[in-house]
>>> print(open('input.cif').read())   # mmCIF, C-alpha atoms
data_query
#
loop_
_atom_site.label_atom_id
_atom_site.label_comp_id
_atom_site.auth_asym_id
_atom_site.auth_seq_id
_atom_site.Cartn_x
_atom_site.Cartn_y
_atom_site.Cartn_z
CA ALA W 1 -30.22 -5.96 -1.06
CA GLN W 2 -26.49 -6.37 -0.87
CA LYS W 3 -24.04 -4.82 -3.26
CA VAL W 4 -20.27 -4.86 -3.63
CA THR W 5 -18.53 -2.32 -5.83
CA GLN W 6 -14.99 -2.70 -7.05
CA ALA W 7 -14.61 0.45 -9.10
CA GLN W 8 -11.15 -0.42 -10.38
CA THR W 9 -11.28 -3.00 -13.17
CA GLU W 10 -7.63 -3.33 -14.11
CA ILE W 11 -4.47 -2.20 -12.35
CA SER W 12 -0.95 -2.55 -13.65
CA VAL W 13 2.09 -1.93 -11.48
CA VAL W 14 5.79 -2.59 -11.59
CA GLU W 15 7.20 -5.12 -9.20
CA LYS W 16 7.94 -3.78 -5.71
CA GLU W 17 5.32 -1.07 -5.97
CA ASP W 18 2.58 -0.94 -3.36
CA VAL W 19 -0.97 -1.28 -4.66
CA THR W 20 -4.37 -0.82 -3.04
CA LEU W 21 -7.49 -2.55 -4.27
CA ASP W 22 -10.69 -0.76 -3.32
CA CYS W 23 -13.94 -2.33 -2.19
CA VAL W 24 -17.13 -0.53 -1.20
CA TYR W 25 -20.18 -2.41 0.00
CA GLU W 26 -23.85 -1.83 0.73
CA THR W 27 -25.97 -3.85 3.13
CA ARG W 28 -28.89 -3.37 5.50
CA ASP W 29 -27.72 -6.16 7.78
CA THR W 30 -26.21 -5.17 11.11
CA THR W 31 -24.15 -8.35 11.15
CA TYR W 32 -22.25 -9.14 8.01
CA TYR W 33 -18.96 -10.51 6.79
CA LEU W 34 -16.51 -9.29 4.21
CA PHE W 35 -14.13 -11.41 2.22
CA TRP W 36 -11.32 -11.13 -0.26
CA TYR W 37 -10.58 -13.92 -2.72
CA LYS W 38 -7.70 -14.26 -5.17
CA GLN W 39 -8.09 -15.97 -8.53
CA PRO W 40 -4.70 -16.64 -10.12
CA PRO W 41 -4.37 -17.48 -13.82
CA SER W 42 -4.88 -21.15 -12.98
CA GLY W 43 -8.49 -20.30 -12.20
CA GLU W 44 -9.12 -21.53 -8.67
CA LEU W 45 -10.53 -19.23 -6.02
CA VAL W 46 -8.22 -18.74 -3.08
CA PHE W 47 -9.61 -17.40 0.19
CA LEU W 48 -7.52 -14.55 1.59
CA ILE W 49 -9.39 -13.03 4.51
CA ARG W 50 -12.70 -12.78 6.32
CA ARG W 51 -13.72 -9.83 8.48
CA ASN W 52 -16.92 -9.51 10.51
CA SER W 53 -18.79 -6.28 10.91
CA PHE W 54 -17.98 -5.99 14.61
CA ASP W 55 -14.25 -6.08 14.14
CA GLU W 56 -12.84 -2.95 12.59
CA GLN W 57 -9.25 -3.70 13.44
CA ASN W 58 -6.99 -3.61 10.46
CA GLU W 59 -5.15 -6.80 9.69
CA ILE W 60 -1.72 -7.47 8.30
CA SER W 61 -0.51 -10.77 6.94
CA GLY W 62 2.94 -10.57 5.47
CA ARG W 63 2.78 -8.24 2.49
CA TYR W 64 -1.00 -8.11 2.63
CA SER W 65 -3.02 -5.70 4.73
CA TRP W 66 -6.69 -4.88 4.94
CA ASN W 67 -8.36 -1.64 6.02
CA PHE W 68 -11.98 -2.01 7.14
CA GLN W 69 -13.90 1.23 7.73
CA LYS W 70 -17.60 0.96 8.54
CA SER W 71 -17.99 4.74 8.36
CA THR W 72 -17.26 4.64 4.63
CA SER W 73 -18.46 1.05 4.03
CA SER W 74 -15.09 0.14 2.64
CA PHE W 75 -12.82 -2.86 2.93
CA ASN W 76 -9.66 -2.07 1.02
CA PHE W 77 -6.79 -4.44 0.36
CA THR W 78 -3.17 -3.33 0.07
CA ILE W 79 -0.30 -5.37 -1.28
CA THR W 80 3.07 -4.02 -0.22
CA ALA W 81 6.12 -4.56 -2.41
CA SER W 82 4.12 -6.36 -5.07
CA GLN W 83 5.52 -9.39 -6.83
CA VAL W 84 4.81 -10.98 -10.19
CA VAL W 85 3.08 -13.86 -8.37
CA ASP W 86 0.50 -11.38 -7.11
CA SER W 87 -0.86 -11.08 -10.64
CA ALA W 88 -4.42 -12.31 -10.42
CA VAL W 89 -8.04 -11.27 -10.30
CA TYR W 90 -9.09 -10.18 -6.83
CA PHE W 91 -12.68 -10.35 -5.66
CA CYS W 92 -14.25 -8.64 -2.70
CA ALA W 93 -17.40 -10.32 -1.37
CA LEU W 94 -20.09 -9.71 1.24
CA SER W 95 -22.19 -12.16 3.24
CA GLY W 96 -25.12 -11.30 5.45
CA GLY W 97 -24.21 -13.87 8.09
CA THR W 98 -25.00 -17.52 8.60
CA GLY W 99 -28.05 -19.51 7.62
CA ALA W 100 -30.19 -18.29 4.79
CA ASN W 101 -28.39 -14.95 4.71
CA SER W 102 -24.98 -16.41 4.12
CA LYS W 103 -25.03 -16.19 0.35
CA LEU W 104 -21.99 -14.37 -0.98
CA THR W 105 -22.37 -11.28 -3.11
CA PHE W 106 -19.26 -10.67 -5.17
CA GLY W 107 -17.84 -7.57 -6.73
CA LYS W 108 -16.89 -7.72 -10.38
CA GLY W 109 -13.23 -8.24 -9.61
CA ILE W 110 -10.02 -6.32 -10.17
CA THR W 111 -7.38 -7.66 -12.53
CA LEU W 112 -3.96 -6.92 -11.12
CA SER W 113 -0.94 -7.22 -13.35
CA VAL W 114 2.48 -6.96 -11.77
CA ARG W 115 5.27 -6.42 -14.31
CA PRO W 116 8.84 -7.41 -13.58
CA ILE D 117 -11.76 -37.05 -2.12
CA ALA D 118 -10.60 -33.99 -0.24
CA GLY D 119 -12.73 -30.88 -0.24
CA ILE D 120 -14.93 -30.15 -3.23
CA THR D 121 -14.68 -31.80 -6.61
CA GLN D 122 -16.40 -30.77 -9.80
CA ALA D 123 -16.87 -32.67 -13.02
CA PRO D 124 -16.26 -32.28 -15.82
CA THR D 125 -13.30 -29.90 -15.79
CA SER D 126 -14.43 -28.50 -19.10
CA GLN D 127 -17.07 -29.26 -21.69
CA ILE D 128 -18.10 -28.09 -25.12
CA LEU D 129 -21.79 -28.53 -25.67
CA ALA D 130 -24.15 -28.03 -28.59
CA ALA D 131 -27.04 -25.65 -27.99
CA GLY D 132 -30.22 -27.45 -27.05
CA ARG D 133 -28.45 -30.33 -25.31
CA ARG D 134 -29.01 -31.25 -21.71
CA MET D 135 -26.03 -31.10 -19.39
CA THR D 136 -25.46 -31.86 -15.71
CA LEU D 137 -22.51 -30.40 -13.86
CA ARG D 138 -21.52 -32.47 -10.88
CA CYS D 139 -20.36 -31.25 -7.50
CA THR D 140 -19.36 -33.43 -4.56
CA GLN D 141 -17.97 -32.46 -1.18
CA ASP D 142 -16.69 -34.71 1.57
CA MET D 143 -16.68 -32.17 4.40
CA ARG D 144 -20.29 -32.88 5.46
CA HIS D 145 -21.13 -29.23 4.94
CA ASN D 146 -24.84 -28.52 5.02
CA ALA D 147 -24.95 -25.57 2.63
CA MET D 148 -23.92 -25.69 -1.00
CA TYR D 149 -23.93 -23.14 -3.80
CA TRP D 150 -23.56 -22.79 -7.54
CA TYR D 151 -22.05 -19.66 -9.07
CA ARG D 152 -21.25 -18.66 -12.60
CA GLN D 153 -18.32 -16.42 -13.42
CA ASP D 154 -18.39 -14.17 -16.43
CA LEU D 155 -15.82 -11.61 -17.50
CA GLY D 156 -16.62 -8.21 -16.08
CA LEU D 157 -19.49 -9.54 -13.97
CA GLY D 158 -17.72 -11.40 -11.21
CA LEU D 159 -19.41 -14.42 -9.66
CA ARG D 160 -23.18 -14.58 -9.53
CA LEU D 161 -25.23 -17.02 -7.51
CA ILE D 162 -27.38 -19.41 -9.54
CA HIS D 163 -28.92 -21.71 -6.91
CA TYR D 164 -28.20 -22.71 -3.37
CA SER D 165 -29.13 -25.34 -0.83
CA ASN D 166 -29.03 -24.74 2.92
CA THR D 167 -29.42 -28.43 3.71
CA ALA D 168 -30.20 -31.73 2.01
CA GLY D 169 -33.71 -31.74 0.62
CA THR D 170 -33.98 -27.96 0.22
CA THR D 171 -32.95 -25.62 -2.58
CA GLY D 172 -33.37 -21.95 -3.36
CA LYS D 173 -32.94 -19.56 -6.26
CA GLY D 174 -30.06 -17.15 -6.47
CA GLU D 175 -29.52 -14.11 -8.61
CA VAL D 176 -29.50 -15.82 -12.03
CA PRO D 177 -31.53 -19.07 -11.79
CA ASP D 178 -33.26 -19.09 -15.18
CA GLY D 179 -32.30 -22.03 -17.37
CA TYR D 180 -30.82 -23.99 -14.47
CA SER D 181 -32.14 -26.50 -11.98
CA VAL D 182 -30.59 -28.20 -8.97
CA SER D 183 -31.34 -31.05 -6.62
CA ARG D 184 -30.00 -31.99 -3.21
CA ALA D 185 -30.83 -35.60 -2.53
CA ASN D 186 -28.04 -35.98 0.03
CA THR D 187 -25.48 -33.88 1.90
CA ASP D 188 -22.54 -34.57 -0.38
CA ASP D 189 -23.87 -33.96 -3.89
CA PHE D 190 -25.34 -30.87 -5.52
CA PRO D 191 -25.71 -31.30 -9.29
CA LEU D 192 -26.58 -28.40 -11.57
CA THR D 193 -28.60 -29.18 -14.68
CA LEU D 194 -29.02 -27.18 -17.85
CA ALA D 195 -32.16 -28.64 -19.43
CA SER D 196 -31.57 -27.10 -22.85
CA ALA D 197 -28.27 -25.25 -23.08
CA VAL D 198 -28.01 -21.88 -24.80
CA PRO D 199 -24.88 -19.96 -25.83
CA SER D 200 -25.42 -17.38 -23.06
CA GLN D 201 -24.75 -20.15 -20.57
CA THR D 202 -21.14 -20.29 -21.71
CA SER D 203 -19.31 -19.56 -18.48
CA VAL D 204 -17.13 -20.93 -15.72
CA TYR D 205 -19.20 -22.61 -13.04
CA PHE D 206 -18.08 -22.83 -9.44
CA CYS D 207 -19.59 -24.98 -6.75
CA ALA D 208 -19.07 -24.04 -3.10
CA SER D 209 -19.98 -25.38 0.31
CA ARG D 210 -20.26 -23.95 3.81
CA ARG D 211 -20.35 -25.54 7.24
CA THR D 212 -23.35 -24.69 9.43
CA GLY D 213 -22.49 -21.89 11.82
CA SER D 214 -19.69 -20.60 9.64
CA ASN D 215 -19.88 -18.09 6.84
CA GLU D 216 -16.77 -19.06 4.94
CA GLN D 217 -17.43 -20.81 1.65
CA PHE D 218 -15.06 -23.32 0.14
CA PHE D 219 -14.91 -23.42 -3.63
CA GLY D 220 -14.40 -26.22 -6.08
CA PRO D 221 -11.96 -25.92 -8.98
CA GLY D 222 -14.65 -24.89 -11.47
CA THR D 223 -16.10 -26.24 -14.71
CA ARG D 224 -15.54 -24.35 -17.95
CA LEU D 225 -18.60 -24.79 -20.14
CA THR D 226 -18.85 -23.64 -23.74
CA VAL D 227 -22.22 -23.78 -25.49
CA LEU D 228 -22.05 -23.50 -29.26
#
>>> encode(input="input.cif", output="structure tokens")
Amino acid sequence: AQKVTQAQTEISVVEKEDVTLDCVYETRDTTYYLFWYKQPPSGELVFLIRRNSFDEQNEISGRYSWNFQKSTSSFNFTITASQVVDSAVYFCALSGGTGANSKLTFGKGITLSVRP
Amino acid sequence: IAGITQAPTSQILAAGRRMTLRCTQDMRHNAMYWYRQDLGLGLRLIHYSNTAGTTGKGEVPDGYSVSRANTDDFPLTLASAVPSQTSVYFCASRRTGSNEQFFGPGTRLTVL
């Protein structure tokens, strides 16, 4: 069975602070994929990143960076110099691959509030 | 149509009524999914379909049914709605060979 744990439920920071959102996963699959989605107050789900289990390179995209560590089964997401527009619910998700195993298992989400 | 559409956007429904949530995609994706989102629980899979003509149960299928008569449409039916089915429902689709799912805008359903 797959499981995604986002232990933080709510985080509040002041604008320009850095913030890290934690994600820990469990899976028996040797091939799997990890995702982060953003859900702004408007409600839609916005895809942020996908990482496969064979690629442990960290990734940076502007103010966003992701740290994937198989040794600790973690896929953490850092926002540098946070902005008010980053306020949203962030979901980490896990997929066991393609075909019948490609169903997404989501964490419960982290509500990030960035105050001006 | 571009991507995934869901209808209605929102609905208030009396308990015991039958309701069908519609989902249509124009990307010719083979796989489609229905999730419900509840506060503090994240998104949970209700039903899925890997290809037209096939469906499967997800994590929380009770009280829901789906059909997949063609590639584009994947309706979700609540035969007799109950208040615990108050939720936001998201439909998603995935292209064969890829694992990225594309989500619709969601349907907010309130069962009174």
>>> closest_atom_pairs(input="input.cif", of="chain D", to="chain W", cutoff="12 Å", atoms="all atoms listed in the file", output="tab-separated table")
residue	atom	partner	partner_atom	distance
D:Ile120	CA	W:Glu44	CA	11.7
D:Thr121	CA	W:Glu44	CA	11.9
D:Gln122	CA	W:Glu44	CA	11.8
D:Thr125	CA	W:Gly43	CA	11.3
D:Asn146	CA	W:Gly99	CA	9.9
D:Ala147	CA	W:Gly99	CA	8.4
D:Met148	CA	W:Lys103	CA	9.7
D:Tyr149	CA	W:Lys103	CA	8.2
D:Trp150	CA	W:Lys103	CA	10.4
D:Tyr151	CA	W:Leu104	CA	9.7
D:Arg152	CA	W:Phe106	CA	11.1
D:Gln153	CA	W:Lys108	CA	9.3
D:Asp154	CA	W:Lys108	CA	9.0
D:Leu155	CA	W:Lys108	CA	8.2
D:Gly156	CA	W:Lys108	CA	5.7
D:Leu157	CA	W:Lys108	CA	4.8
D:Gly158	CA	W:Lys108	CA	3.9
D:Leu159	CA	W:Phe106	CA	5.9
D:Arg160	CA	W:Phe106	CA	7.0
D:Leu161	CA	W:Leu104	CA	7.8
D:Ile162	CA	W:Lys103	CA	10.7
D:His163	CA	W:Lys103	CA	9.9
D:Tyr164	CA	W:Lys103	CA	8.1
D:Ser165	CA	W:Ala100	CA	9.1
D:Asn166	CA	W:Ala100	CA	6.8
D:Thr167	CA	W:Gly99	CA	9.8
D:Thr170	CA	W:Ala100	CA	11.3
D:Thr171	CA	W:Ala100	CA	10.8
D:Gly172	CA	W:Ala100	CA	9.5
D:Lys173	CA	W:Lys103	CA	10.8
D:Gly174	CA	W:Lys103	CA	8.5
D:Glu175	CA	W:Thr105	CA	9.5
D:Val204	CA	W:Gly43	CA	9.4
D:Tyr205	CA	W:Gly43	CA	11.0
D:Phe206	CA	W:Leu45	CA	9.0
D:Cys207	CA	W:Leu45	CA	10.8
D:Ala208	CA	W:Leu45	CA	10.2
D:Ser209	CA	W:Lys103	CA	10.5
D:Arg210	CA	W:Ser102	CA	8.9
D:Arg211	CA	W:Thr98	CA	9.4
D:Thr212	CA	W:Gly99	CA	7.2
D:Gly213	CA	W:Thr98	CA	6.0
D:Ser214	CA	W:Thr98	CA	6.2
D:Asn215	CA	W:Thr98	CA	5.4
D:Glu216	CA	W:Arg50	CA	7.6
D:Gln217	CA	W:Leu104	CA	8.3
D:Phe218	CA	W:Phe47	CA	8.0
D:Phe219	CA	W:Leu45	CA	6.5
D:Gly220	CA	W:Glu44	CA	7.5
D:Pro221	CA	W:Glu44	CA	5.2
D:Gly222	CA	W:Glu44	CA	7.1
D:Thr223	CA	W:Gly43	CA	10.0
D:Arg224	CA	W:Gly43	CA	10.0
>>> atom_distance(input="input.cif", atom1="atom CA of D:Thr140", atom2="atom CA of D:Asn186")
10.1 Å
>>> atom_distance(input="input.cif", atom1="atom CA of W:Tyr37", atom2="atom CA of W:Lys16")
21.3 Å
>>> residues_around(input="input.cif", residues="W:Phe77", least_positions_apart="6", cutoff="9 Å", atoms="all atoms listed in the file", output="PyMOL selection string")
chain W and resi 19-23+36+64-68
>>> atom_distance(input="input.cif", atom1="atom CA of D:Thr226", atom2="atom CA of D:Leu192")
15.2 Å
>>> resolve_selection(input="input.cif", expression="the PyMOL selection byres ((chain D and resi 130) around 6)", output="JSON, numbers by chain")
{"D": [129, 131, 133, 227, 228]}
>>> write_last_selection(input="input.cif", atoms="C-alpha atoms", output="PDB file, in the frame of the given file")
ATOM      1  CA  LEU D 129     -21.790 -28.530 -25.670  1.00  0.00           C
ATOM      2  CA  ALA D 131     -27.040 -25.650 -27.990  1.00  0.00           C
ATOM      3  CA  ARG D 133     -28.450 -30.330 -25.310  1.00  0.00           C
ATOM      4  CA  VAL D 227     -22.220 -23.780 -25.490  1.00  0.00           C
ATOM      5  CA  LEU D 228     -22.050 -23.500 -29.260  1.00  0.00           C
TER       6      LEU D 228
END
